[in-house]
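A.B. asks: First the structure, then my questions, so here it is.
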Amino acid sequence: MVEILVDEDACVGCGSCVDDCPNDVYKMNEEKWKTEVVNVDDCMACLSCHEICPAQAMTHKDIHVAKRLYIDRRVTEVLERII
Amino acid sequence: MAIQEVRGTFKPELIPKETGGDIDDYEDALHVLMKFMGSMSSALEQVSGRGANAIVYQAGKRMGHDAAKMMEKTDNLEQAMDEMGEVLGHEFYYRMWKPAGQENYTVEKGDETVVKLLFRDCVVRQTLRRTGLPQKGPLCYLLYGYMVGAVEEVMGIKGKVDVDHVGPNACLKTLTIKWGGK
């Protein structure tokens with residue numbers, strides 16, 4: 001089961017995720033003016049909300065992560081050594 | 001990095017096991033192939049405009065028909081999806097998808113049956129991201145054609161795929177088959 005965590009401190013309340021999500025997983029909390037998760041069952045973990053969120057406020061837990069075939073393993077190995 | 005040369009004596013019709021290559025060779029080749037694919041798609045769109053989608057769609061459709069030739073024929077869409085998933089799932093992992101409140105995966109609409117498909121590990125998406133191209137472009141039509149070709153082969157019926165939503169981790173598409181549209 002997908003679990004979505006929204007970092008309220010990070011969320012800037014732009015509503016981009018609300019507009020972008022085709023399955024109405026998010027809604028704006030009118031009082032706090034922050035995004036809240038209202039329909040987690042319909043989340044398909046496409047992660048376009050991650051792409052559109054300017055504050056990187058979301059975390060999706062326990063989802064299928066698509067293979068990143070385009071990542072160069074040699075580059076990531078070098079990065080791992082540096083970081 | 002020095003390139004390792006494989007030398008040997010063999011008949012050209014026989015493939016010696018030492019030419020199998022390792023994962024690093026495949027990764028290099030995959031990256032180049034992705035760049036080629038991305039460049040071709042981009043150039044095709046530049047030259048042909050929207051016609052590029054139709055060309056690539058047709059190419060994908062042929063591939064789909066070929067891929068599904070050995071699959072068992074059925075007129076049950078869910079069964080066809082399972083059947084196709086076993087073969088095409090190795091190339092791009094997809095699943096039927098429905099909103100939590102919906103009872104079945106398939107929805108009947110007059111003489112049409114509709115099913116939502118969630119594509120997860122898609123080589124087309126990875127290629128587009130590798131080459132910095134937007135999704136929903138001509139290259140995506142390769143996959144639409146592939147699915148349509150395969151479903152047409154398995155079910156002997158006309159189908160079409162529309163894109164609902166694209167994301168960096170998964171894409172949602174609608175597959176529609178039209179009964180009587182043979």
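Letters for chains follow the order of the structure tokens (A, B, ...), residue numbers begin at 1 for each chain, and ligand numbers begin at 1 in the order shown.
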If the cut-off is 6 Å, can you tell me the residues of chain A near chain B, counting only C-alpha atoms? I'd like them as a list in words.
C.D. replies: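 Those within range of chain B come out as Asp41, Asp42, Cys46, Leu47, Ser48, Ala66, Lys67 and Tyr70 of chain A.
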A.B. asks: Near Ala59 (chain B), within 12 Å and counting only C-alpha atoms, which residues show up once chain neighbours fewer than 6 positions away are dropped, as a PyMOL selection string?
C.D. replies: chain B and resi 52-53+65-66+138-149
A.B. asks: Please indicate the distance in Å from CA of Gly85 (chain B) to CA of Asp25 (chain B), rounded to one decimal place.
C.D. replies: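 Pair CA of Gly85 (chain B) / CA of Asp25 (chain B) returns 28.0 Å.
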A.B. asks: Write out as a PyMOL selection string each polymer residue whose atoms come within 12 Å of Met28 (chain A), counting only C-alpha atoms; drop sequence neighbours fewer than 5 positions from it.
C.D. replies: chain A and resi 6+8+11-19+33-38
A.B. asks: Would you save the residues of that selection, restricted to N, CA, C and O atoms, as an mmCIF file, in the first residue's frame?
C.D. replies:
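What follows is the written file result_32.cif:
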```
data_model
loop_
_atom_site.group_PDB
_atom_site.id
_atom_site.type_symbol
_atom_site.label_atom_id
_atom_site.label_comp_id
_atom_site.auth_asym_id
_atom_site.auth_seq_id
_atom_site.Cartn_x
_atom_site.Cartn_y
_atom_site.Cartn_z
ATOM 1 N N VAL A 6 3.716 14.283 3.202
ATOM 2 C CA VAL A 6 3.921 15.655 2.722
ATOM 3 C C VAL A 6 4.589 16.445 3.840
ATOM 4 O O VAL A 6 4.072 16.518 4.959
ATOM 5 N N GLU A 8 5.027 19.431 5.572
ATOM 6 C CA GLU A 8 4.272 20.699 5.652
ATOM 7 C C GLU A 8 5.182 21.918 5.768
ATOM 8 O O GLU A 8 4.827 23.013 5.337
ATOM 9 N N CYS A 11 6.258 22.453 2.094
ATOM 10 C CA CYS A 11 5.189 22.777 1.133
ATOM 11 C C CYS A 11 4.957 24.289 1.088
ATOM 12 O O CYS A 11 4.770 24.930 2.121
ATOM 13 N N VAL A 12 4.974 24.825 -0.139
ATOM 14 C CA VAL A 12 4.787 26.279 -0.294
ATOM 15 C C VAL A 12 3.343 26.630 -0.651
ATOM 16 O O VAL A 12 3.012 27.789 -0.869
ATOM 17 N N GLY A 13 2.493 25.612 -0.745
ATOM 18 C CA GLY A 13 1.076 25.853 -1.015
ATOM 19 C C GLY A 13 0.786 26.362 -2.411
ATOM 20 O O GLY A 13 -0.189 27.087 -2.624
ATOM 21 N N CYS A 14 1.609 25.974 -3.371
ATOM 22 C CA CYS A 14 1.397 26.454 -4.752
ATOM 23 C C CYS A 14 0.254 25.704 -5.439
ATOM 24 O O CYS A 14 -0.303 26.179 -6.422
ATOM 25 N N GLY A 15 -0.063 24.505 -4.933
ATOM 26 C CA GLY A 15 -1.172 23.733 -5.504
ATOM 27 C C GLY A 15 -0.854 23.045 -6.818
ATOM 28 O O GLY A 15 -1.753 22.514 -7.473
ATOM 29 N N SER A 16 0.411 23.029 -7.209
ATOM 30 C CA SER A 16 0.785 22.390 -8.482
ATOM 31 C C SER A 16 0.432 20.909 -8.484
ATOM 32 O O SER A 16 -0.065 20.384 -9.481
ATOM 33 N N CYS A 17 0.672 20.253 -7.372
ATOM 34 C CA CYS A 17 0.399 18.813 -7.285
ATOM 35 C C CYS A 17 -1.106 18.550 -7.390
ATOM 36 O O CYS A 17 -1.523 17.573 -8.001
ATOM 37 N N VAL A 18 -1.900 19.434 -6.809
ATOM 38 C CA VAL A 18 -3.366 19.289 -6.861
ATOM 39 C C VAL A 18 -3.831 19.372 -8.315
ATOM 40 O O VAL A 18 -4.658 18.580 -8.762
ATOM 41 N N ASP A 19 -3.293 20.335 -9.043
ATOM 42 C CA ASP A 19 -3.670 20.508 -10.451
ATOM 43 C C ASP A 19 -3.151 19.366 -11.316
ATOM 44 O O ASP A 19 -3.808 18.949 -12.272
ATOM 45 N N TRP A 33 -3.547 26.196 4.123
ATOM 46 C CA TRP A 33 -3.098 26.467 2.760
ATOM 47 C C TRP A 33 -1.834 25.662 2.409
ATOM 48 O O TRP A 33 -0.831 26.174 1.939
ATOM 49 N N LYS A 34 -1.976 24.376 2.707
ATOM 50 C CA LYS A 34 -0.932 23.403 2.378
ATOM 51 C C LYS A 34 -1.614 22.223 1.692
ATOM 52 O O LYS A 34 -2.807 21.988 1.894
ATOM 53 N N THR A 35 -0.830 21.467 0.958
ATOM 54 C CA THR A 35 -1.379 20.265 0.308
ATOM 55 C C THR A 35 -1.623 19.181 1.338
ATOM 56 O O THR A 35 -0.816 18.990 2.247
ATOM 57 N N GLU A 36 -2.739 18.474 1.165
ATOM 58 C CA GLU A 36 -2.944 17.293 1.991
ATOM 59 C C GLU A 36 -3.377 16.125 1.118
ATOM 60 O O GLU A 36 -3.960 16.318 0.050
ATOM 61 N N VAL A 37 -3.062 14.910 1.577
ATOM 62 C CA VAL A 37 -3.393 13.702 0.827
ATOM 63 C C VAL A 37 -4.804 13.276 1.220
ATOM 64 O O VAL A 37 -5.086 13.064 2.394
ATOM 65 N N VAL A 38 -5.688 13.182 0.220
ATOM 66 C CA VAL A 38 -7.076 12.826 0.537
ATOM 67 C C VAL A 38 -7.527 11.526 -0.136
ATOM 68 O O VAL A 38 -8.572 10.995 0.196
#
```
A.B. asks: If DSSP is run on the backbone, what residues of chain A are alpha helix (DSSP H)? A reply as an NGL selection string would be ideal.
C.D. replies: :A and (16-20 or 48-52 or 73-82)
A.B. asks: Give me, please, the distance in Å between CA of Thr74 (chain B) and CA of Met44 (chain A), quoted to one decimal.
C.D. replies: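 Result for CA of Thr74 (chain B) versus CA of Met44 (chain A): 28.0 Å, one decimal.
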A.B. asks: Counting only C-alpha atoms, which residue out of B:Pro12, B:Gly20, B:Gly159, B:Gly49 sits closest to Thr113 (chain B)?
C.D. replies: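 Of B:Pro12, B:Gly20, B:Gly159, B:Gly49, the one nearest Thr113 (chain B) is B:Gly159, counting only C-alpha atoms.
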A.B. asks: Show which residues sit within 6 Å of region 58-62 of chain A, as a PyMOL selection string. Count only C-alpha atoms, and ignore same-chain residues fewer than 2 positions away.
C.D. replies: chain A and resi 2-6+56
A.B. asks: Could you please write out, as a PyMOL selection string, every residue of region 20-165 of chain B that DSSP assigns to strand (DSSP E or B)?
C.D. replies: chain B and resi 93-97+106-109+112-121+158-165
